[in-house]
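A.B. asks: Okay, so here is final_3.cif, and as you'll see once you scroll down, it has mmCIF, C-alpha atoms (C1' of nucleotides).
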data_data
#
loop_
_atom_site.label_atom_id
_atom_site.label_comp_id
_atom_site.auth_asym_id
_atom_site.auth_seq_id
_atom_site.Cartn_x
_atom_site.Cartn_y
_atom_site.Cartn_z
CA MET A 1 57.44 -111.92 57.01
CA SER A 2 55.72 -108.76 58.24
CA ALA A 3 52.90 -107.20 56.29
CA GLU A 4 55.04 -104.14 55.63
CA GLU A 5 57.85 -106.21 54.17
CA ARG A 6 55.37 -108.11 52.04
CA ARG A 7 53.95 -104.87 50.74
CA GLU A 8 57.45 -103.98 49.66
CA SER A 9 57.89 -107.15 47.66
CA VAL A 10 54.45 -106.70 46.16
CA ILE A 11 55.48 -103.26 44.92
CA ARG A 12 58.66 -104.63 43.39
CA ALA A 13 56.78 -107.44 41.70
CA ALA A 14 54.08 -105.05 40.55
CA ILE A 15 56.60 -102.79 38.83
CA THR A 16 57.83 -105.74 36.82
CA GLU A 17 54.44 -107.21 35.97
CA PHE A 18 52.55 -104.00 35.33
CA GLY A 19 55.50 -102.72 33.32
CA ARG A 20 55.32 -105.72 31.03
CA GLY A 21 51.56 -106.11 30.79
CA GLY A 22 50.02 -102.76 31.63
CA TYR A 23 47.17 -102.29 34.06
CA HIS A 24 44.53 -104.37 32.27
CA GLY A 25 46.99 -106.84 30.82
CA THR A 26 48.29 -107.91 34.21
CA SER A 27 46.39 -110.23 36.52
CA THR A 28 46.69 -110.03 40.25
CA GLU A 29 47.47 -113.72 40.03
CA ALA A 30 50.66 -112.94 38.09
CA ILE A 31 51.80 -110.46 40.72
CA ALA A 32 51.02 -112.89 43.53
CA LYS A 33 52.97 -115.66 41.78
CA ARG A 34 56.01 -113.44 41.47
CA VAL A 35 55.81 -112.51 45.14
CA GLY A 36 55.34 -116.15 46.07
CA VAL A 37 52.05 -115.67 47.83
CA SER A 38 48.42 -116.54 47.19
CA GLN A 39 46.38 -114.20 45.00
CA PRO A 40 43.71 -113.30 47.60
CA TYR A 41 46.37 -112.28 50.07
CA LEU A 42 47.18 -109.26 47.94
CA PHE A 43 43.79 -107.90 48.93
CA ARG A 44 44.78 -107.96 52.56
CA LEU A 45 47.81 -105.87 51.80
CA PHE A 46 46.10 -103.45 49.41
CA PRO A 47 42.44 -102.51 49.10
CA ASN A 48 42.28 -103.32 45.39
CA LYS A 49 44.23 -103.74 42.16
CA ARG A 50 44.27 -100.05 41.40
CA ALA A 51 45.97 -99.29 44.72
CA ILE A 52 48.73 -101.74 43.88
CA PHE A 53 49.28 -100.03 40.55
CA LEU A 54 49.36 -96.61 42.15
CA ALA A 55 51.90 -97.68 44.76
CA ALA A 56 54.10 -99.15 42.04
CA ALA A 57 53.85 -95.99 39.93
CA LEU A 58 54.75 -93.65 42.76
CA ARG A 59 57.63 -95.84 43.84
CA CYS A 60 58.90 -95.78 40.29
CA ILE A 61 58.99 -91.99 40.15
CA GLU A 62 60.60 -91.70 43.56
CA ASP A 63 63.32 -94.20 42.67
CA THR A 64 64.09 -92.41 39.44
CA ALA A 65 64.25 -89.07 41.21
CA ALA A 66 66.52 -90.49 43.89
CA VAL A 67 68.97 -91.81 41.31
CA LEU A 68 69.09 -88.48 39.48
CA HIS A 69 69.41 -86.61 42.75
CA ASP A 70 72.35 -88.68 43.91
CA ALA A 71 74.04 -88.27 40.56
CA ALA A 72 73.73 -84.49 40.51
CA GLU A 73 74.51 -83.85 44.14
CA GLY A 74 77.03 -81.13 44.67
CA LEU A 75 77.84 -80.66 40.98
CA PRO A 76 77.53 -77.38 39.06
CA PRO A 77 74.73 -77.38 36.46
CA ASP A 78 76.82 -78.23 33.40
CA GLU A 79 78.44 -81.23 35.04
CA ALA A 80 75.13 -82.19 36.61
CA HIS A 81 73.54 -82.47 33.19
CA LYS A 82 76.01 -85.06 32.05
CA ALA A 83 76.01 -86.91 35.35
CA MET A 84 72.24 -87.14 35.32
CA ALA A 85 72.20 -88.31 31.74
CA VAL A 86 74.65 -91.06 32.53
CA ALA A 87 72.67 -92.05 35.59
CA TYR A 88 69.40 -92.13 33.67
CA GLN A 89 70.99 -94.15 30.93
CA ARG A 90 72.04 -96.73 33.47
CA LEU A 91 68.67 -96.64 35.21
CA ILE A 92 66.72 -97.57 32.13
CA GLU A 93 68.84 -100.58 31.51
CA ASP A 94 66.25 -101.99 33.87
CA ARG A 95 63.67 -102.29 31.13
CA ASP A 96 60.80 -103.17 33.45
CA ARG A 97 61.19 -99.96 35.39
CA LEU A 98 61.21 -97.94 32.19
CA LEU A 99 58.10 -99.67 30.93
CA MET A 100 56.30 -99.07 34.21
CA GLN A 101 56.88 -95.37 33.60
CA MET A 102 55.21 -95.54 30.20
CA GLN A 103 52.42 -97.69 31.56
CA MET A 104 51.64 -95.19 34.23
CA TYR A 105 51.37 -92.38 31.69
CA VAL A 106 48.78 -94.22 29.65
CA ALA A 107 46.99 -95.50 32.74
CA VAL A 108 46.51 -91.93 33.93
CA ALA A 109 45.32 -90.96 30.47
CA SER A 110 42.85 -93.83 30.40
CA ALA A 111 41.44 -92.96 33.80
CA GLU A 112 41.10 -89.36 32.72
CA SER A 113 39.26 -90.44 29.56
CA ALA A 114 36.92 -92.50 31.66
CA GLY A 115 36.07 -89.41 33.65
CA ASP A 116 38.22 -90.18 36.68
CA ARG A 117 40.30 -87.07 37.45
CA GLU A 118 41.36 -88.41 40.85
CA PHE A 119 43.59 -91.27 39.83
CA GLY A 120 46.09 -89.06 38.06
CA LYS A 121 46.41 -86.48 40.82
CA PRO A 122 49.06 -88.12 43.01
CA ILE A 123 51.02 -89.18 39.94
CA ARG A 124 50.99 -85.70 38.45
CA ALA A 125 52.01 -84.31 41.81
CA ALA A 126 54.93 -86.71 42.08
CA TRP A 127 56.01 -86.02 38.53
CA SER A 128 55.92 -82.27 39.04
CA GLU A 129 57.78 -82.36 42.30
CA HIS A 130 60.28 -85.14 41.74
CA LEU A 131 61.07 -84.63 38.08
CA HIS A 132 60.05 -81.23 36.78
CA ASP A 133 60.75 -79.04 39.79
CA PHE A 134 63.83 -81.04 40.60
CA SER A 135 65.20 -80.50 37.09
CA LEU A 136 64.62 -76.78 37.34
CA LEU A 137 66.34 -76.68 40.68
CA THR A 138 69.34 -78.62 39.47
CA PHE A 139 69.76 -76.39 36.44
CA GLU A 140 69.39 -73.36 38.65
CA GLY A 141 66.31 -72.07 36.93
CA ASP A 142 67.67 -72.49 33.42
CA THR A 143 64.32 -73.55 32.02
CA GLU A 144 65.66 -74.33 28.58
CA GLU A 145 68.25 -76.76 29.84
CA ALA A 146 65.80 -78.37 32.26
CA THR A 147 63.10 -78.81 29.65
CA THR A 148 65.52 -80.17 27.08
CA PHE A 149 66.78 -82.68 29.59
CA LEU A 150 63.26 -83.92 30.22
CA ALA A 151 62.40 -83.93 26.52
CA PHE A 152 65.35 -86.14 25.63
CA GLY A 153 64.48 -88.41 28.51
CA MET A 154 61.00 -88.89 27.08
CA LEU A 155 62.37 -89.51 23.58
CA ILE A 156 64.67 -92.18 24.93
CA ASN A 157 61.78 -93.76 26.82
CA THR A 158 59.74 -93.94 23.65
CA LEU A 159 62.49 -95.40 21.51
CA VAL A 160 63.40 -98.01 24.07
CA ALA A 161 59.75 -98.92 24.53
CA LEU A 162 59.38 -99.29 20.79
CA GLY A 163 62.16 -101.82 20.96
CA TYR A 164 64.85 -100.07 19.00
CA PRO A 165 68.03 -101.97 19.61
CA PRO A 166 70.30 -100.20 22.10
CA ASP A 167 72.89 -99.37 19.45
CA ASN A 168 70.39 -97.33 17.45
CA ARG A 169 70.70 -94.28 19.61
CA VAL A 170 69.37 -91.35 17.70
CA TRP A 171 70.10 -89.16 20.66
CA ASP A 172 73.85 -89.64 20.59
CA GLY A 173 75.53 -86.31 20.32
CA PHE A 174 72.75 -84.24 21.84
CA TRP A 175 72.02 -85.95 25.02
CA PRO A 176 75.49 -85.87 26.56
CA GLU A 177 77.72 -88.64 25.33
CA THR A 178 77.33 -91.56 27.60
CA ARG A 179 78.82 -94.38 25.62
CA PRO A 180 81.38 -96.34 27.54
CA GLY A 181 84.69 -94.95 26.37
CA THR A 182 83.63 -91.44 25.47
CA MET B 1 28.13 -100.13 2.98
CA SER B 2 31.05 -101.96 1.38
CA ALA B 3 33.43 -104.01 3.47
CA GLU B 4 36.23 -101.61 2.65
CA GLU B 5 34.26 -98.61 3.86
CA ARG B 6 33.33 -100.50 7.01
CA ARG B 7 36.96 -101.30 7.66
CA GLU B 8 37.64 -97.57 7.50
CA SER B 9 35.04 -96.76 10.13
CA VAL B 10 36.33 -99.59 12.28
CA ILE B 11 39.81 -98.07 12.15
CA ARG B 12 38.49 -94.67 13.13
CA ALA B 13 36.48 -96.12 15.99
CA ALA B 14 39.42 -98.25 17.06
CA ILE B 15 41.71 -95.21 17.33
CA THR B 16 39.25 -93.62 19.72
CA GLU B 17 38.51 -96.68 21.81
CA PHE B 18 42.02 -98.15 21.97
CA GLY B 19 43.36 -94.66 22.66
CA ARG B 20 41.13 -94.34 25.70
CA GLY B 21 41.31 -97.88 27.02
CA GLY B 22 44.50 -99.42 25.68
CA TYR B 23 44.69 -102.83 24.07
CA HIS B 24 43.54 -104.94 26.99
CA GLY B 25 41.21 -102.31 28.39
CA THR B 26 39.13 -102.10 25.23
CA SER B 27 36.55 -104.71 24.29
CA THR B 28 35.74 -105.49 20.69
CA GLU B 29 32.15 -104.88 21.78
CA ALA B 30 32.99 -101.23 22.50
CA ILE B 31 34.51 -100.77 19.06
CA ALA B 32 31.57 -102.47 17.38
CA LYS B 33 29.12 -100.25 19.29
CA ARG B 34 30.92 -97.12 18.13
CA VAL B 35 30.88 -98.33 14.54
CA GLY B 36 27.22 -99.25 14.85
CA VAL B 37 27.66 -102.87 13.93
CA SER B 38 27.47 -106.21 15.69
CA GLN B 39 30.53 -107.44 17.55
CA PRO B 40 31.02 -110.68 15.58
CA TYR B 41 31.04 -108.74 12.34
CA LEU B 42 34.39 -107.19 13.26
CA PHE B 43 35.88 -110.65 12.84
CA ARG B 44 34.72 -110.73 9.25
CA LEU B 45 36.55 -107.51 8.57
CA PHE B 46 39.70 -108.34 10.53
CA PRO B 47 41.16 -111.69 11.50
CA ASN B 48 41.37 -110.81 15.21
CA LYS B 49 41.56 -108.04 17.78
CA ARG B 50 45.28 -107.57 17.40
CA ALA B 51 44.91 -106.88 13.68
CA ILE B 52 42.43 -104.12 14.43
CA PHE B 53 44.87 -102.57 16.87
CA LEU B 54 47.70 -102.77 14.37
CA ALA B 55 45.66 -101.14 11.63
CA ALA B 56 44.68 -98.33 13.98
CA ALA B 57 48.28 -97.80 15.08
CA LEU B 58 49.66 -97.64 11.55
CA ARG B 59 46.91 -95.31 10.44
CA CYS B 60 47.72 -93.06 13.33
CA ILE B 61 51.38 -92.76 12.36
CA GLU B 62 50.54 -92.17 8.71
CA ASP B 63 48.02 -89.44 9.52
CA THR B 64 50.49 -87.68 11.79
CA ALA B 65 53.19 -87.87 9.14
CA ALA B 66 50.82 -86.54 6.49
CA VAL B 67 49.92 -83.52 8.60
CA LEU B 68 53.58 -82.72 9.29
CA HIS B 69 54.44 -83.27 5.66
CA ASP B 70 51.78 -80.89 4.41
CA ALA B 71 52.81 -78.28 6.94
CA ALA B 72 56.48 -78.35 5.97
CA GLU B 73 56.02 -78.63 2.25
CA GLY B 74 58.14 -76.20 0.30
CA LEU B 75 59.47 -74.37 3.35
CA PRO B 76 63.15 -73.92 4.24
CA PRO B 77 64.22 -75.85 7.38
CA ASP B 78 63.94 -73.00 9.87
CA GLU B 79 60.42 -72.08 8.82
CA ALA B 80 59.53 -75.76 8.52
CA HIS B 81 60.39 -76.32 12.17
CA LYS B 82 57.89 -73.76 13.32
CA ALA B 83 55.23 -74.81 10.84
CA MET B 84 55.53 -78.43 11.90
CA ALA B 85 55.38 -77.49 15.56
CA VAL B 86 52.21 -75.53 14.98
CA ALA B 87 50.71 -78.35 12.96
CA TYR B 88 51.58 -80.93 15.61
CA GLN B 89 50.16 -78.75 18.31
CA ARG B 90 46.90 -78.60 16.43
CA LEU B 91 46.96 -82.31 15.69
CA ILE B 92 47.15 -83.35 19.31
CA GLU B 93 44.16 -81.29 20.20
CA ASP B 94 42.53 -84.52 19.10
CA ARG B 95 43.29 -86.20 22.39
CA ASP B 96 42.21 -89.66 21.28
CA ARG B 97 44.72 -89.68 18.46
CA LEU B 98 47.49 -88.64 20.81
CA LEU B 99 46.58 -91.32 23.31
CA MET B 100 46.53 -93.95 20.58
CA GLN B 101 50.15 -93.05 19.92
CA MET B 102 51.10 -93.66 23.54
CA GLN B 103 49.05 -96.83 23.64
CA MET B 104 50.86 -98.21 20.65
CA TYR B 105 54.26 -97.58 22.25
CA VAL B 106 53.36 -99.56 25.34
CA ALA B 107 51.58 -102.24 23.33
CA VAL B 108 54.74 -102.85 21.33
CA ALA B 109 56.74 -102.93 24.54
CA SER B 110 54.33 -105.43 26.09
CA ALA B 111 54.45 -107.71 23.08
CA GLU B 112 58.22 -107.54 23.12
CA SER B 113 58.26 -108.44 26.83
CA ALA B 114 56.04 -111.40 26.09
CA GLY B 115 58.59 -112.61 23.57
CA ASP B 116 56.77 -111.47 20.47
CA ARG B 117 59.27 -109.56 18.31
CA GLU B 118 56.95 -109.59 15.30
CA PHE B 119 54.18 -107.31 16.48
CA GLY B 120 56.43 -104.29 16.80
CA LYS B 121 58.14 -104.66 13.43
CA PRO B 122 55.64 -102.84 11.20
CA ILE B 123 55.17 -100.14 13.82
CA ARG B 124 58.90 -99.56 14.19
CA ALA B 125 59.21 -99.48 10.42
CA ALA B 126 56.45 -96.90 10.10
CA TRP B 127 57.91 -94.80 12.88
CA SER B 128 61.38 -94.85 11.34
CA GLU B 129 60.17 -94.02 7.89
CA HIS B 130 57.34 -91.60 8.56
CA LEU B 131 58.70 -89.77 11.57
CA HIS B 132 62.43 -90.18 12.05
CA ASP B 133 63.62 -90.28 8.45
CA PHE B 134 61.08 -87.66 7.49
CA SER B 135 62.35 -85.31 10.20
CA LEU B 136 65.91 -85.75 9.04
CA LEU B 137 64.91 -85.05 5.48
CA THR B 138 62.98 -81.93 6.39
CA PHE B 139 65.85 -80.54 8.43
CA GLU B 140 68.21 -81.39 5.61
CA GLY B 141 70.31 -83.75 7.61
CA ASP B 142 70.66 -81.46 10.62
CA THR B 143 70.47 -84.31 13.09
CA GLU B 144 70.45 -82.06 16.13
CA GLU B 145 67.44 -80.10 15.01
CA ALA B 146 65.57 -83.21 13.88
CA THR B 147 66.21 -85.06 17.12
CA THR B 148 65.26 -82.08 19.23
CA PHE B 149 62.02 -81.74 17.32
CA LEU B 150 61.15 -85.36 18.03
CA ALA B 151 62.22 -85.11 21.66
CA PHE B 152 59.96 -82.15 22.34
CA GLY B 153 57.15 -83.92 20.57
CA MET B 154 57.53 -86.86 22.94
CA LEU B 155 57.66 -84.59 25.99
CA ILE B 156 54.44 -82.92 24.91
CA ASN B 157 52.83 -86.31 24.39
CA THR B 158 53.76 -87.35 27.89
CA LEU B 159 52.56 -84.18 29.57
CA VAL B 160 49.27 -84.18 27.73
CA ALA B 161 48.77 -87.87 28.52
CA LEU B 162 49.45 -87.15 32.18
CA GLY B 163 46.61 -84.67 32.02
CA TYR B 164 48.47 -81.43 32.60
CA PRO B 165 46.05 -78.68 31.73
CA PRO B 166 46.80 -77.12 28.33
CA ASP B 167 47.94 -73.84 29.89
CA ASN B 168 50.74 -75.54 31.80
CA ARG B 169 53.04 -75.71 28.84
CA VAL B 170 56.54 -76.28 30.09
CA TRP B 171 57.73 -76.34 26.53
CA ASP B 172 56.78 -72.75 25.76
CA GLY B 173 59.82 -70.88 24.63
CA PHE B 174 61.77 -73.89 23.37
CA TRP B 175 59.42 -75.59 21.10
CA PRO B 176 58.62 -72.71 18.75
CA GLU B 177 56.02 -70.36 20.11
CA THR B 178 52.67 -71.55 19.00
CA ARG B 179 50.33 -69.73 21.30
CA PRO B 180 47.57 -67.97 19.48
CA GLY B 181 48.68 -64.37 19.35
CA THR B 182 52.42 -64.91 19.33
"C1'" DC C 1 14.31 -116.69 -12.01
"C1'" DA C 2 17.95 -119.34 -9.97
"C1'" DA C 3 22.37 -119.37 -8.06
"C1'" DG C 4 25.91 -117.04 -6.03
"C1'" DT C 5 27.89 -113.30 -3.48
"C1'" DT C 6 28.07 -109.71 0.00
"C1'" DA C 7 26.73 -107.53 4.29
"C1'" DG C 8 25.25 -108.49 8.42
"C1'" DT C 9 22.90 -110.67 13.01
"C1'" DG C 10 21.88 -113.70 17.36
"C1'" DA C 11 23.29 -117.21 20.29
"C1'" DT C 12 26.82 -119.48 22.46
"C1'" DT C 13 31.15 -121.09 24.59
"C1'" DG C 14 35.17 -121.66 27.20
"C1'" DG C 15 38.40 -119.21 29.74
"C1'" DC C 16 40.00 -115.65 32.66
"C1'" DC C 17 39.86 -112.66 36.56
"C1'" DA C 18 38.95 -109.33 40.75
"C1'" DA C 19 37.23 -109.71 44.87
"C1'" DT C 20 34.92 -112.05 49.04
"C1'" DA C 21 34.22 -115.41 52.59
"C1'" DA C 22 35.51 -118.82 55.49
"C1'" DC C 23 39.11 -121.40 57.36
"C1'" DT C 24 44.20 -122.55 59.21
"C1'" DT C 25 48.42 -122.04 61.41
"C1'" DA C 26 51.79 -120.14 64.42
"C1'" DA C 27 53.50 -116.97 67.44
"C1'" DT C 28 52.68 -113.68 71.54
"C1'" DC C 29 51.43 -112.77 76.13
"C1'" DG C 30 48.85 -112.00 80.55
"C1'" DC D 1 47.21 -122.49 79.50
"C1'" DG D 2 43.80 -119.98 77.01
"C1'" DA D 3 42.96 -116.02 74.25
"C1'" DT D 4 44.21 -112.75 70.90
"C1'" DT D 5 46.57 -111.23 66.87
"C1'" DA D 6 49.00 -111.57 62.53
"C1'" DA D 7 50.12 -114.07 58.34
"C1'" DG D 8 48.45 -116.74 55.17
"C1'" DT D 9 45.42 -120.37 52.46
"C1'" DT D 10 41.49 -122.79 49.67
"C1'" DA D 11 37.24 -122.45 47.52
"C1'" DT D 12 34.01 -119.82 45.15
"C1'" DT D 13 31.30 -116.43 42.59
"C1'" DG D 14 29.65 -113.34 39.29
"C1'" DG D 15 30.94 -110.84 35.35
"C1'" DC D 16 33.31 -110.01 31.14
"C1'" DC D 17 35.12 -111.05 26.67
"C1'" DA D 18 37.33 -112.96 22.09
"C1'" DA D 19 36.06 -115.82 18.85
"C1'" DT D 20 33.06 -119.35 16.32
"C1'" DC D 21 28.81 -121.11 14.26
"C1'" DA D 22 24.75 -121.09 12.06
"C1'" DC D 23 21.63 -118.31 10.07
"C1'" DT D 24 19.16 -114.27 7.15
"C1'" DA D 25 18.27 -110.78 3.94
"C1'" DA D 26 19.37 -108.12 0.07
"C1'" DC D 27 21.57 -107.43 -4.25
"C1'" DT D 28 23.82 -109.09 -8.79
"C1'" DT D 29 24.15 -111.48 -12.90
"C1'" DG D 30 23.88 -115.13 -16.53
#
Reformat the file's structure so that it appears as C-alpha cells.
C.D. replies:
Amino acid sequence: MSAEERRESVIRAAITEFGRGGYHGTSTEAIAKRVGVSQPYLFRLFPNKRAIFLAAALRCIEDTAAVLHDAAEGLPPDEAHKAMAVAYQRLIEDRDRLLMQMQMYVAVASAESAGDREFGKPIRAAWSEHLHDFSLLTFEGDTEEATTFLAFGMLINTLVALGYPPDNRVWDGFWPETRPGT
Amino acid sequence: MSAEERRESVIRAAITEFGRGGYHGTSTEAIAKRVGVSQPYLFRLFPNKRAIFLAAALRCIEDTAAVLHDAAEGLPPDEAHKAMAVAYQRLIEDRDRLLMQMQMYVAVASAESAGDREFGKPIRAAWSEHLHDFSLLTFEGDTEEATTFLAFGMLINTLVALGYPPDNRVWDGFWPETRPGT
DNA sequence: CAAGTTAGTGATTGGCCAATAACTTAATCG
DNA sequence: CGATTAAGTTATTGGCCAATCACTAACTTG
C-alpha cells in the first residue's frame, strides 16, 4: 500500500480513536492497531501525534461541510434549511465523527490555555470557511437563520455527547422535523 | 484546615486544571500544586482521580444554574431571557469554568464509548435538572424559547472554546444584546 | 498525661507511552 | 545483476503519572 493510501487509513482510524478517547486519552498504539500497522510506522507518515490529530480534525470538518453542501445544492434557502438538518442528523449517527468534533474543540481550547495560539489557527480557519461562511452563503445572508442553524447543531452535538438516548430529542419542533415519517 | 475545606479548594483547583487540560491531560500533581498540598493527600480527600473530576463537573453545573437562577428570579419570561443571557455572558468570562463544561461533555462521551454508562449518569441528571428543566420552568413551558436559549448557549461555548476573539460574536442580534452600551 | 484522631508528607512502584534508531524485505530499474 | 527506493518491523529509551505505604506532627479529650 502506498504511503498516501496509508495516511488515509490513519486519518480514518484517528477520527475513531481520538473521537472516543480525546487527544491525551488516545495512544498512538491504539491508532496503529486499528490501521493494522506497527506503532512506529505512524511516525514515518506523520511528524508527530499532534499532526495526526490535526489531520483528523480538518478532515472531519471538511467531510461535514461536504455533506451539508451536497444536501443544500440548488435548493432555495427555506428548503435548504430542512435538507441540511436532515443531512446533519444522518451524519451524526456516526457517533465517532461527532465526538471527534467535540474533541477538537476542547483540544484547541487546551492548546490555547497552554499558550499555543498556533494549533487552533487552521481549525478556526476551516470552521469559519466551511461551516460559518457556508451557512451564511446558503441562507443568502440571512444571519439569523444561519446562526440559529449552527446553534441547534451545537446543542445537538452536546446532547448526543452527553449520551442522551436518541429518542430524547429536545430539539424536535424547532430544528426542522426530521423524524422518519414526518 | 479541615478536610471539608480542603475538598472545596481541591474542587476549585480541579475546575481550573481539568478545564485547561482535560481529564487525561491533567495530572493529579498539577491539581495538588495549585491547592498547595502534596499529591498523595488528594487521595485522602477523594477515592481517585475520576471522583475529583466528577465533583468538579457537578459543581460547575450547579454554579452555572445558581447564577442563571439568581438572574431570572422574579422576572417575567421575556425579561428573564435577557437577564439570563447577560448573566451567562458574564459567567463565561471565567474561561476555565467554561472549558470545564466542554471537558465534562467529552469526558462523559469518552466513558460511554469505553462502555461505562455509569460515569455520565449523575452529570446527565444534573444537566437535565439544573439546566434543561430549569429553562423550561423559567420560560413557563415555552419549549421553543427554552430550547433556543440552550442552543445559543452551546454555540457560544463552542466559539469561545475554539478561541474566537470576544469581538467576533456571531450571536449578536439573536441572543439578546448584551454588549456594554446597548 | 496518655491515647486517639486529624491533617499532612516523602518515597516508591508498576505501567504506559511518544519518539528514535537500527534493521528487513520486496519491488524497480539502468 | 547490483543498486536504489519505498514500505514496514523489532527493540529500546527516557519520562510521566496514579495510587499505595509508611511515617510525622499537631491537636483533642477523658
A.B. asks: I need the residue set behind the PyMOL selection byres ((chain D) within 10 of (chain A)) for this file; please write it as a PyMOL selection string.
C.D. replies: chain D and resi 6-10
A.B. asks: So how many Å separate CA of Glu5 (chain A) and CA of Ile61 (chain A), to one decimal?
C.D. replies: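 CA of Glu5 (chain A) sits 20.0 Å away from CA of Ile61 (chain A).
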A.B. asks: Determine, counting all atoms listed in the file, which protein, DNA and RNA residues have an atom within 12 Å of an atom of DA11 (chain D); residues of the same chain fewer than 2 positions away are not included. Present the result as a tab-separated table (two decimals) with C-alpha atoms (C1' of nucleotides), in the frame of the given file.
C.D. replies:
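Output (selection_7.tsv):
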chain	number	residue	atom	x	y	z
A	40	PRO	CA	43.71	-113.30	47.60
C	20	DT	C1'	34.92	-112.05	49.04
C	21	DA	C1'	34.22	-115.41	52.59
C	22	DA	C1'	35.51	-118.82	55.49
C	23	DC	C1'	39.11	-121.40	57.36
D	9	DT	C1'	45.42	-120.37	52.46
D	13	DT	C1'	31.30	-116.43	42.59
A.B. asks: Show which residues sit within 12 Å of DA22 (chain D), as a PyMOL selection string. Count only C-alpha atoms (C1' of nucleotides), and ignore same-chain residues fewer than 4 positions away.
C.D. replies: chain C and resi 9-12
A.B. asks: Check which residues of chain C sit at most 10 Å from chain A using all atoms listed in the file, and return one row each with the closest pair of atoms and their distance in Å to one decimal, ordered by chain and rising number, as a Markdown table.
C.D. replies:
| residue | atom | partner | partner_atom | distance |
| --- | --- | --- | --- | --- |
| C:DC16 | C1' | A:Ser27 | CA | 9.2 |
| C:DC17 | C1' | A:Ser27 | CA | 7.0 |
| C:DA18 | C1' | A:Thr28 | CA | 7.8 |
| C:DA19 | C1' | A:Pro40 | CA | 7.9 |
| C:DT20 | C1' | A:Pro40 | CA | 9.0 |
